[in-house]
$ cat coords-v7.tsv   # TSV, C-alpha atoms and all ligand atoms
chain	number	residue	atom	x	y	z
A	1	MET	CA	-31.12	11.72	-9.71
A	2	ASP	CA	-28.45	9.21	-10.72
A	3	ILE	CA	-26.86	7.09	-8.02
A	4	ILE	CA	-23.07	7.60	-8.00
A	5	ALA	CA	-22.40	5.05	-5.29
A	6	GLU	CA	-24.23	2.99	-2.73
A	7	GLY	CA	-22.56	1.68	0.41
A	8	HIS	CA	-23.81	-0.20	3.45
A	9	SER	CA	-25.18	2.91	5.15
A	10	LYS	CA	-25.42	5.63	2.48
A	11	ILE	CA	-26.52	6.34	-1.06
A	12	ILE	CA	-24.69	9.08	-2.99
A	13	TYR	CA	-26.67	10.88	-5.69
A	14	GLN	CA	-25.42	13.22	-8.41
A	15	THR	CA	-27.35	16.51	-8.29
A	16	PRO	CA	-28.11	18.59	-11.40
A	17	ASP	CA	-25.09	20.71	-10.41
A	18	ASN	CA	-22.05	18.63	-11.39
A	19	ASP	CA	-20.02	19.91	-8.42
A	20	ARG	CA	-22.54	18.78	-5.80
A	21	ILE	CA	-23.78	15.48	-4.46
A	22	GLU	CA	-26.56	14.43	-2.12
A	23	MET	CA	-25.87	11.90	0.62
A	24	TYR	CA	-28.83	9.83	1.80
A	25	PHE	CA	-28.38	8.05	5.14
A	26	LYS	CA	-29.97	4.61	5.40
A	27	ASP	CA	-31.02	2.78	8.55
A	28	THR	CA	-28.67	-0.13	7.84
A	29	ALA	CA	-25.95	-0.92	10.34
A	30	THR	CA	-23.08	-3.22	9.43
A	31	ALA	CA	-20.01	-4.40	11.28
A	32	PHE	CA	-17.13	-6.83	10.90
A	33	HIS	CA	-17.00	-6.37	7.13
A	34	ASN	CA	-20.72	-6.76	6.69
A	35	ILE	CA	-20.85	-10.12	8.51
A	36	LYS	CA	-23.15	-8.49	11.05
A	37	ARG	CA	-25.98	-6.51	9.53
A	38	ALA	CA	-29.26	-5.06	10.78
A	39	LYS	CA	-31.83	-2.40	10.11
A	40	ILE	CA	-32.06	0.09	12.96
A	41	ILE	CA	-35.10	2.25	12.42
A	42	GLY	CA	-34.25	5.95	12.67
A	43	LYS	CA	-30.45	5.58	12.68
A	44	GLY	CA	-30.04	7.36	9.33
A	45	GLN	CA	-31.71	10.47	10.67
A	46	TYR	CA	-29.42	10.69	13.69
A	47	VAL	CA	-26.30	10.07	11.63
A	48	ASN	CA	-27.36	12.77	9.15
A	49	LYS	CA	-28.11	15.34	11.86
A	50	ILE	CA	-25.03	14.60	13.98
A	51	SER	CA	-22.73	14.62	10.92
A	52	ALA	CA	-24.20	17.93	9.77
A	53	PHE	CA	-23.68	19.46	13.20
A	54	LEU	CA	-20.06	18.26	13.45
A	55	PHE	CA	-19.20	19.31	9.88
A	56	GLN	CA	-20.62	22.75	10.66
A	57	GLN	CA	-18.52	23.00	13.82
A	58	LEU	CA	-15.42	22.06	11.83
A	59	LYS	CA	-16.24	24.63	9.13
A	60	THR	CA	-16.68	27.35	11.72
A	61	ALA	CA	-13.25	26.44	13.11
A	62	GLY	CA	-11.72	26.64	9.61
A	63	VAL	CA	-11.43	22.89	8.99
A	64	ASP	CA	-12.70	22.46	5.43
A	65	ASN	CA	-15.07	19.62	4.62
A	66	HIS	CA	-17.60	18.70	1.96
A	67	PHE	CA	-20.77	19.64	3.88
A	68	ILE	CA	-22.90	22.41	2.34
A	69	GLU	CA	-26.29	22.10	4.03
A	70	THR	CA	-28.92	19.73	5.37
A	71	ILE	CA	-31.68	18.95	2.89
A	72	ASP	CA	-34.01	17.00	5.16
A	73	ASP	CA	-33.96	14.45	8.00
A	74	ARG	CA	-31.98	11.92	5.99
A	75	ARG	CA	-30.16	13.89	3.31
A	76	MET	CA	-27.37	16.43	3.13
A	77	LEU	CA	-25.97	18.43	0.23
A	78	CYS	CA	-22.20	18.16	-0.17
A	79	LEU	CA	-19.41	19.21	-2.50
A	80	LYS	CA	-18.50	16.49	-4.97
A	81	THR	CA	-15.03	15.08	-4.46
A	82	GLU	CA	-12.97	12.20	-5.72
A	83	VAL	CA	-12.71	10.22	-2.49
A	84	LEU	CA	-9.20	8.93	-1.70
A	85	PRO	CA	-8.84	5.16	-1.25
A	86	LEU	CA	-7.50	5.58	2.25
A	87	ARG	CA	-8.87	6.26	5.72
A	88	VAL	CA	-7.25	8.06	8.60
A	89	ILE	CA	-7.97	6.81	12.11
A	90	VAL	CA	-7.30	9.21	14.98
A	91	ARG	CA	-7.05	7.76	18.47
A	92	ASN	CA	-6.95	9.63	21.78
A	93	SER	CA	-7.22	6.53	23.93
A	94	ALA	CA	-7.09	2.80	23.34
A	95	ALA	CA	-10.14	0.90	22.09
A	96	GLY	CA	-11.08	-1.55	19.40
A	97	SER	CA	-8.48	-2.84	16.97
A	98	VAL	CA	-5.51	-1.04	18.55
A	99	CYS	CA	-6.04	-3.06	21.75
A	100	ALA	CA	-6.27	-6.32	19.84
A	101	ARG	CA	-3.25	-5.59	17.65
A	102	PHE	CA	-0.89	-4.13	20.25
A	103	GLY	CA	-2.17	-5.71	23.47
A	104	ILE	CA	-2.82	-2.28	24.94
A	105	LYS	CA	-5.35	-2.11	27.76
A	106	GLU	CA	-8.67	-0.56	26.74
A	107	GLY	CA	-9.02	2.99	28.04
A	108	THR	CA	-5.27	3.73	28.13
A	109	VAL	CA	-4.94	7.43	27.35
A	110	PHE	CA	-2.18	8.08	24.80
A	111	SER	CA	0.44	10.74	25.58
A	112	GLU	CA	-0.38	12.24	22.18
A	113	PRO	CA	-3.01	11.42	19.55
A	114	VAL	CA	-2.24	8.39	17.41
A	115	TYR	CA	-2.75	8.75	13.65
A	116	GLU	CA	-2.92	5.67	11.50
A	117	MET	CA	-3.97	5.00	7.96
A	118	ASN	CA	-5.43	2.09	6.15
A	119	TYR	CA	-6.28	1.22	2.59
A	120	LYS	CA	-10.01	1.20	1.95
A	121	SER	CA	-10.76	-2.35	0.91
A	122	GLU	CA	-13.17	-4.56	2.76
A	123	THR	CA	-12.08	-7.62	0.76
A	124	LEU	CA	-8.45	-7.04	1.81
A	125	ASP	CA	-9.50	-6.29	5.42
A	126	ASN	CA	-8.55	-2.58	5.13
A	127	PRO	CA	-4.78	-3.20	5.36
A	128	PHE	CA	-2.38	-0.88	7.14
A	129	LEU	CA	-0.88	1.89	4.99
A	130	ASN	CA	1.94	4.32	5.74
A	131	GLU	CA	2.90	7.57	3.99
A	132	HIS	CA	5.53	5.91	1.79
A	133	MET	CA	3.02	3.34	0.57
A	134	ALA	CA	0.29	5.95	0.01
A	135	VAL	CA	2.67	8.03	-2.13
A	136	ALA	CA	4.30	5.11	-3.94
A	137	PHE	CA	0.90	3.58	-4.75
A	138	GLY	CA	-0.13	6.92	-6.33
A	139	PHE	CA	-2.89	7.81	-3.88
A	140	VAL	CA	-1.40	11.12	-2.66
A	141	THR	CA	1.75	13.26	-2.85
A	142	HIS	CA	3.99	13.88	0.16
A	143	ASP	CA	2.62	17.46	0.31
A	144	GLU	CA	-0.94	16.14	0.35
A	145	MET	CA	0.00	13.68	3.09
A	146	ALA	CA	1.32	16.56	5.20
A	147	LEU	CA	-1.94	18.42	4.64
A	148	ILE	CA	-4.01	15.35	5.57
A	149	SER	CA	-2.06	15.00	8.83
A	150	HIS	CA	-2.58	18.67	9.59
A	151	ILE	CA	-6.33	18.51	8.89
A	152	ALA	CA	-6.71	15.32	10.96
A	153	HIS	CA	-4.88	16.99	13.85
A	154	GLN	CA	-7.06	20.11	13.64
A	155	ALA	CA	-10.24	18.05	13.35
A	156	ASN	CA	-9.28	16.08	16.46
A	157	LYS	CA	-8.75	19.29	18.43
A	158	VAL	CA	-12.09	20.78	17.36
A	159	LEU	CA	-14.14	17.60	17.80
A	160	THR	CA	-12.55	16.72	21.16
A	161	GLU	CA	-13.51	20.18	22.43
A	162	VAL	CA	-17.05	19.97	21.03
A	163	PHE	CA	-17.64	16.60	22.72
A	164	ASN	CA	-15.91	17.65	25.95
A	165	LYS	CA	-18.44	20.45	26.28
A	166	CYS	CA	-21.25	17.93	26.37
A	167	GLY	CA	-19.66	15.45	28.72
A	168	ILE	CA	-18.52	13.00	26.06
A	169	SER	CA	-15.00	11.64	25.47
A	170	LEU	CA	-13.90	11.33	21.87
A	171	VAL	CA	-11.97	8.05	22.07
A	172	ASP	CA	-11.22	7.63	18.37
A	173	PHE	CA	-12.67	8.31	14.93
A	174	LYS	CA	-12.26	7.66	11.24
A	175	LEU	CA	-11.83	10.34	8.60
A	176	GLU	CA	-12.10	10.07	4.85
A	177	PHE	CA	-10.72	12.65	2.44
A	178	GLY	CA	-11.80	13.81	-1.02
A	179	ARG	CA	-10.19	15.87	-3.76
A	180	LEU	CA	-12.22	18.72	-5.28
A	181	SER	CA	-12.00	19.29	-9.05
A	182	ASN	CA	-9.42	22.04	-8.39
A	183	GLY	CA	-7.25	19.53	-6.48
A	184	THR	CA	-7.99	20.81	-2.96
A	185	LEU	CA	-8.19	18.09	-0.30
A	186	ILE	CA	-11.04	18.26	2.21
A	187	ILE	CA	-12.74	15.96	4.70
A	188	ALA	CA	-15.52	13.91	3.07
A	189	ASP	CA	-17.91	11.09	4.02
A	190	GLU	CA	-19.51	11.40	7.49
A	191	ILE	CA	-18.51	12.00	11.10
A	192	SER	CA	-21.01	10.38	13.44
A	193	PRO	CA	-21.42	7.75	16.16
A	194	ASP	CA	-21.07	5.25	13.30
A	195	THR	CA	-17.50	6.41	12.67
A	196	CYS	CA	-16.40	7.65	16.12
A	197	ARG	CA	-16.08	6.03	19.54
A	198	LEU	CA	-17.88	8.26	22.01
A	199	VAL	CA	-18.02	7.53	25.73
A	200	ASP	CA	-20.17	9.29	28.32
A	201	LYS	CA	-17.66	10.76	30.81
A	202	ALA	CA	-20.01	10.35	33.76
A	203	THR	CA	-21.01	6.72	33.27
A	204	GLY	CA	-18.48	5.22	30.85
A	205	THR	CA	-21.38	4.21	28.58
A	206	HIS	CA	-20.68	3.86	24.88
A	207	LEU	CA	-22.76	6.24	22.77
A	208	ASP	CA	-21.61	4.85	19.42
A	209	LYS	CA	-21.66	1.94	17.00
A	210	ASP	CA	-19.89	-0.32	19.52
A	211	ARG	CA	-23.40	-0.76	20.95
A	212	PHE	CA	-24.30	-2.52	17.71
A	213	ARG	CA	-20.92	-4.25	17.20
A	214	HIS	CA	-21.00	-5.80	20.67
A	215	ASP	CA	-24.76	-6.27	21.19
A	216	MET	CA	-25.08	-3.67	23.95
A	217	GLY	CA	-28.54	-2.60	22.75
A	218	ASP	CA	-30.16	0.83	23.04
A	219	ILE	CA	-28.48	2.14	19.89
A	220	ILE	CA	-31.06	4.75	18.99
A	221	ASN	CA	-31.19	5.99	22.56
A	222	ALA	CA	-27.41	6.46	22.50
A	223	TYR	CA	-27.41	8.32	19.17
A	224	GLN	CA	-30.28	10.49	20.37
A	225	THR	CA	-28.32	11.32	23.53
A	226	VAL	CA	-25.37	12.45	21.40
A	227	LEU	CA	-27.56	14.66	19.21
A	228	THR	CA	-29.43	16.17	22.15
A	229	ARG	CA	-26.22	16.98	24.02
A	230	LEU	CA	-24.57	18.47	20.93
A	231	ASN	CA	-27.58	20.65	20.20
A	232	TYR	CA	-27.76	21.95	23.69
A	233	GLY	CA	-24.01	21.89	24.41
A	234	ARG	CA	-24.68	20.63	27.89
A	235	LEU	CA	-25.42	17.47	29.84
B	301	LIG	P1	-10.95	0.31	15.01
B	301	LIG	O1	-9.68	0.38	14.21
B	301	LIG	O2	-10.70	0.28	16.46
B	301	LIG	O3	-11.86	-0.78	14.54
B	301	LIG	O4	-11.76	1.66	14.69
B	301	LIG	C1	-11.24	2.92	15.07
B	301	LIG	C2	-12.28	4.00	14.81
B	301	LIG	O5	-12.53	4.12	13.42
B	301	LIG	C3	-13.65	3.72	15.45
B	301	LIG	O6	-14.19	4.95	15.89
B	301	LIG	C4	-14.48	3.16	14.33
B	301	LIG	O7	-15.84	3.49	14.49
B	301	LIG	C5	-13.88	3.83	13.11
B	301	LIG	N1	-13.86	2.90	11.98
B	301	LIG	C6	-12.84	2.12	11.60
B	301	LIG	N2	-13.18	1.36	10.55
B	301	LIG	C7	-14.45	1.64	10.27
B	301	LIG	C8	-15.38	1.18	9.28
B	301	LIG	O8	-15.08	0.34	8.44
B	301	LIG	N3	-16.61	1.73	9.30
B	301	LIG	C9	-16.97	2.66	10.21
B	301	LIG	N4	-18.22	3.16	10.18
B	301	LIG	N5	-16.12	3.13	11.15
B	301	LIG	C10	-14.88	2.63	11.18

$ encode --input "coords-v7.tsv" --output "C-alpha cells" --more "lines below"
Ligand code: 5GP
Amino acid sequence: MDIIAEGHSKIIYQTPDNDRIEMYFKDTATAFHNIKRAKIIGKGQYVNKISAFLFQQLKTAGVDNHFIETIDDRRMLCLKTEVLPLRVIVRNSAAGSVCARFGIKEGTVFSEPVYEMNYKSETLDNPFLNEHMAVAFGFVTHDEMALISHIAHQANKVLTEVFNKCGISLVDFKLEFGRLSNGTLIIADEISPDTCRLVDKATGTHLDKDRFRHDMGDIINAYQTVLTRLNYGRL
C-alpha cells in the first residue's frame, strides 16, 4: 500500500478503498520537537490498543471519530479525512506548557475545562491560534469552529468518565480533527498516553508520555497499566 504520510510515531497508508486509511503505530517516541527521540519497544502496540479502545468508547457515546476497527497489534483501519492544520488542547487541571506560560501551579484544578488551539507546525513551535485566526486563515468556518468546540467538550466528558472509572485522572489531552469527503468534521489521529496526561489517582504517578519527556522511566509499564485498567474498568 502507498504511504500517504509518515510522522514521528505513525505511518499512514492508503488502502485499496479510497475512503479508508490504515494507521501503523511505530515504537518511536519523540518530545520537544523531535530533539529528544528514542525507540521504546512495544509502545506502538499499546498506543494502538488504547487509542482503539478510547475511540470505541467515544463512538458508543455518539462522539464521531475516524476509527473503524483494529487490524492487528499495531494497525487500525480508519476513515480517510483531510486533517485540519490545527490542534485542540483540552485541560482539566494545570500541567505542562500552561504552567510555564501562565505561572500556574501544577495540579491546579480549573473551574471549567480550558480549550486552546494551536497551529500544527513544529518548525514554528505550534503557535497559538484563536477562532478568528483559524477562520481568517481559511482553516475552518465559524460554524465548523462551533462544532469543534462542541465535539471537544463532549470528548472531554466521555474520556474523563472512562478514566475516572479506572482510577485515572485525565489532566489534559490533544485532539486533531479531519474533514470527510462529504465535509463532515470528526476526530482523527490518535488518543493515547502519547497525547494525553494521565495520572493515577491513588499514587499521583504519571501514566503517560511525561515519563519519557522527563526521564521518569517505566514507560511501557505505565502504558500497560492504562490498557489493563481500561480493559477491566477497574483498579
Ligand atoms: P502541553 O501544551 O502541556 O505541552 O500539552 C498538553 C497536552 O497535549 C498533553 O496531554 C500533551 O501530551 C498533548 N500534546 C501537546 N502537543 C503535543 C504534541 O506535539 N505531540 C503529542 N503527542 N502530544 C501533544

$ residues_around --input "coords-v7.tsv" --residues "His66 in chain A" --least-positions-apart "5" --cutoff "7 Å" --atoms "all atoms listed in the file" --output "PyMOL selection string"
chain A and resi 78-79+186-188

$ residues_near_ligand --input "coords-v7.tsv" --ligand "ligand LIG 301 (chain B)" --cutoff "10 Å" --atoms "all atoms listed in the file" --output "number ranges by chain"
A: 8-9, 29-34, 87-91, 94-101, 116-118, 120-122, 125-126, 170-175, 190-198, 208-210, 213

$ closest_residue --input "coords-v7.tsv" --among "A:Tyr232, A:Ala152, A:Thr141, A:Ser93" --to "Ser169 in chain A" --atoms "only C-alpha atoms"
A:Ser93

$ atom_distance --input "coords-v7.tsv" --atom1 "CA of Thr28 in chain A" --atom2 "CA of Leu207 in chain A"
17.3 Å

$ residues_around --input "coords-v7.tsv" --residues "range 223-229 of chain A" --least-positions-apart "3" --cutoff "8 Å" --atoms "all atoms listed in the file" --output "PyMOL selection string"
chain A and resi 43+46-47+49-50+166+193+207-208+219-220+232-235

$ atom_distance --input "coords-v7.tsv" --atom1 "CA of Asp64 in chain A" --atom2 "CA of Ile151 in chain A"
8.3 Å

$ atom_distance --input "coords-v7.tsv" --atom1 "CA of Phe139 in chain A" --atom2 "CA of Pro85 in chain A"
7.0 Å

$ residues_around --input "coords-v7.tsv" --residues "Gln56 in chain A" --least-positions-apart "5" --cutoff "10 Å" --atoms "only C-alpha atoms" --output "list in words"
Ile50, Ser51, Ala61, Gly62, Val63, Asp64, Asn65, Phe67, Ile68 and Glu69 of chain A

$ closest_residue --input "coords-v7.tsv" --among "A:Asp72, A:Gly183, A:Gly42, A:Ala155" --to "Ala222 in chain A" --atoms "all atoms listed in the file"
A:Gly42

$ residues_around --input "coords-v7.tsv" --residues "range 146-150 of chain A" --least-positions-apart "3" --cutoff "8 Å" --atoms "all atoms listed in the file" --output "count of residues only"
7

$ closest_residue --input "coords-v7.tsv" --among "A:Gly217, A:Gly178, A:Gly103, A:Gly167" --to "Lys201 in chain A" --atoms "all atoms listed in the file"
A:Gly167

$ residues_around --input "coords-v7.tsv" --residues "Gly7 in chain A" --least-positions-apart "5" --cutoff "10 Å" --atoms "only C-alpha atoms" --output "ChimeraX atom specification"
/A:12,25-26,28

$ decode --input "coords-v7.tsv" --residues "range 131-215 of chain A" --atoms "C-alpha atoms" --output "PDB file, in the first residue's frame"
ATOM      1  CA  GLU A 131     -11.076  31.193  16.329  1.00  0.00           C
ATOM      2  CA  HIS A 132     -10.680  34.459  14.406  1.00  0.00           C
ATOM      3  CA  MET A 133      -7.270  33.404  13.136  1.00  0.00           C
ATOM      4  CA  ALA A 134      -8.437  29.876  12.252  1.00  0.00           C
ATOM      5  CA  VAL A 135     -11.316  31.315  10.186  1.00  0.00           C
ATOM      6  CA  ALA A 136      -9.353  34.194   8.647  1.00  0.00           C
ATOM      7  CA  PHE A 137      -6.504  31.858   7.675  1.00  0.00           C
ATOM      8  CA  GLY A 138      -9.051  29.643   5.856  1.00  0.00           C
ATOM      9  CA  PHE A 139      -8.694  26.564   8.055  1.00  0.00           C
ATOM     10  CA  VAL A 140     -12.344  26.379   9.212  1.00  0.00           C
ATOM     11  CA  THR A 141     -15.630  28.314   9.149  1.00  0.00           C
ATOM     12  CA  HIS A 142     -17.188  29.801  12.284  1.00  0.00           C
ATOM     13  CA  ASP A 143     -19.834  27.026  12.160  1.00  0.00           C
ATOM     14  CA  GLU A 144     -17.111  24.378  11.999  1.00  0.00           C
ATOM     15  CA  MET A 145     -15.335  26.045  14.915  1.00  0.00           C
ATOM     16  CA  ALA A 146     -18.527  25.819  16.976  1.00  0.00           C
ATOM     17  CA  LEU A 147     -18.790  22.138  16.087  1.00  0.00           C
ATOM     18  CA  ILE A 148     -15.141  21.503  17.013  1.00  0.00           C
ATOM     19  CA  SER A 149     -15.709  23.130  20.423  1.00  0.00           C
ATOM     20  CA  HIS A 150     -18.810  21.023  20.965  1.00  0.00           C
ATOM     21  CA  ILE A 151     -17.039  17.781  19.996  1.00  0.00           C
ATOM     22  CA  ALA A 152     -14.019  18.619  22.193  1.00  0.00           C
ATOM     23  CA  HIS A 153     -16.354  19.305  25.121  1.00  0.00           C
ATOM     24  CA  GLN A 154     -18.230  16.024  24.603  1.00  0.00           C
ATOM     25  CA  ALA A 155     -14.994  14.067  24.183  1.00  0.00           C
ATOM     26  CA  ASN A 156     -13.676  15.502  27.442  1.00  0.00           C
ATOM     27  CA  LYS A 157     -16.828  14.439  29.287  1.00  0.00           C
ATOM     28  CA  VAL A 158     -16.715  10.887  27.906  1.00  0.00           C
ATOM     29  CA  LEU A 159     -12.969  10.372  28.351  1.00  0.00           C
ATOM     30  CA  THR A 160     -12.903  11.880  31.851  1.00  0.00           C
ATOM     31  CA  GLU A 161     -15.631   9.434  32.878  1.00  0.00           C
ATOM     32  CA  VAL A 162     -13.902   6.454  31.239  1.00  0.00           C
ATOM     33  CA  PHE A 163     -10.626   7.221  33.042  1.00  0.00           C
ATOM     34  CA  ASN A 164     -12.361   8.046  36.339  1.00  0.00           C
ATOM     35  CA  LYS A 165     -13.807   4.544  36.348  1.00  0.00           C
ATOM     36  CA  CYS A 166     -10.323   3.085  36.356  1.00  0.00           C
ATOM     37  CA  GLY A 167      -8.797   5.379  38.936  1.00  0.00           C
ATOM     38  CA  ILE A 168      -7.038   7.680  36.487  1.00  0.00           C
ATOM     39  CA  SER A 169      -7.318  11.481  36.224  1.00  0.00           C
ATOM     40  CA  LEU A 170      -7.470  12.914  32.727  1.00  0.00           C
ATOM     41  CA  VAL A 171      -5.345  16.036  33.234  1.00  0.00           C
ATOM     42  CA  ASP A 172      -5.236  17.209  29.618  1.00  0.00           C
ATOM     43  CA  PHE A 173      -5.186  15.919  26.057  1.00  0.00           C
ATOM     44  CA  LYS A 174      -4.721  16.882  22.443  1.00  0.00           C
ATOM     45  CA  LEU A 175      -7.299  16.354  19.712  1.00  0.00           C
ATOM     46  CA  GLU A 176      -6.888  16.548  15.963  1.00  0.00           C
ATOM     47  CA  PHE A 177      -9.780  16.900  13.540  1.00  0.00           C
ATOM     48  CA  GLY A 178     -10.312  15.734   9.961  1.00  0.00           C
ATOM     49  CA  ARG A 179     -12.831  16.538   7.248  1.00  0.00           C
ATOM     50  CA  LEU A 180     -14.508  13.625   5.447  1.00  0.00           C
ATOM     51  CA  SER A 181     -15.064  13.903   1.679  1.00  0.00           C
ATOM     52  CA  ASN A 182     -18.671  14.985   2.385  1.00  0.00           C
ATOM     53  CA  GLY A 183     -17.365  17.847   4.572  1.00  0.00           C
ATOM     54  CA  THR A 184     -18.250  16.331   7.964  1.00  0.00           C
ATOM     55  CA  LEU A 185     -15.736  17.081  10.733  1.00  0.00           C
ATOM     56  CA  ILE A 186     -14.703  14.231  13.016  1.00  0.00           C
ATOM     57  CA  ILE A 187     -11.926  13.469  15.482  1.00  0.00           C
ATOM     58  CA  ALA A 188      -8.853  11.983  13.758  1.00  0.00           C
ATOM     59  CA  ASP A 189      -5.290  10.959  14.666  1.00  0.00           C
ATOM     60  CA  GLU A 190      -4.934   9.088  17.996  1.00  0.00           C
ATOM     61  CA  ILE A 191      -5.950   9.412  21.637  1.00  0.00           C
ATOM     62  CA  SER A 192      -3.444   7.657  23.859  1.00  0.00           C
ATOM     63  CA  PRO A 193      -0.928   8.171  26.672  1.00  0.00           C
ATOM     64  CA  ASP A 194       1.216   9.814  23.974  1.00  0.00           C
ATOM     65  CA  THR A 195      -1.359  12.582  23.546  1.00  0.00           C
ATOM     66  CA  CYS A 196      -2.997  12.745  26.999  1.00  0.00           C
ATOM     67  CA  ARG A 197      -1.714  13.423  30.508  1.00  0.00           C
ATOM     68  CA  LEU A 198      -2.981  10.633  32.733  1.00  0.00           C
ATOM     69  CA  VAL A 199      -2.316  10.497  36.459  1.00  0.00           C
ATOM     70  CA  ASP A 200      -3.010   7.593  38.799  1.00  0.00           C
ATOM     71  CA  LYS A 201      -5.450   8.998  41.386  1.00  0.00           C
ATOM     72  CA  ALA A 202      -4.106   6.804  44.177  1.00  0.00           C
ATOM     73  CA  THR A 203      -0.395   7.498  43.793  1.00  0.00           C
ATOM     74  CA  GLY A 204      -0.102  10.631  41.637  1.00  0.00           C
ATOM     75  CA  THR A 205       2.090   8.648  39.222  1.00  0.00           C
ATOM     76  CA  HIS A 206       2.151   9.751  35.598  1.00  0.00           C
ATOM     77  CA  LEU A 207       0.928   7.050  33.229  1.00  0.00           C
ATOM     78  CA  ASP A 208       1.727   8.962  30.043  1.00  0.00           C
ATOM     79  CA  LYS A 209       4.403  10.376  27.780  1.00  0.00           C
ATOM     80  CA  ASP A 210       5.660  12.713  30.522  1.00  0.00           C
ATOM     81  CA  ARG A 211       7.549   9.619  31.717  1.00  0.00           C
ATOM     82  CA  PHE A 212       9.568   9.846  28.505  1.00  0.00           C
ATOM     83  CA  ARG A 213       9.676  13.668  28.333  1.00  0.00           C
ATOM     84  CA  HIS A 214      11.059  13.963  31.864  1.00  0.00           C
ATOM     85  CA  ASP A 215      13.099  10.733  32.123  1.00  0.00           C
TER      86      ASP A 215
END
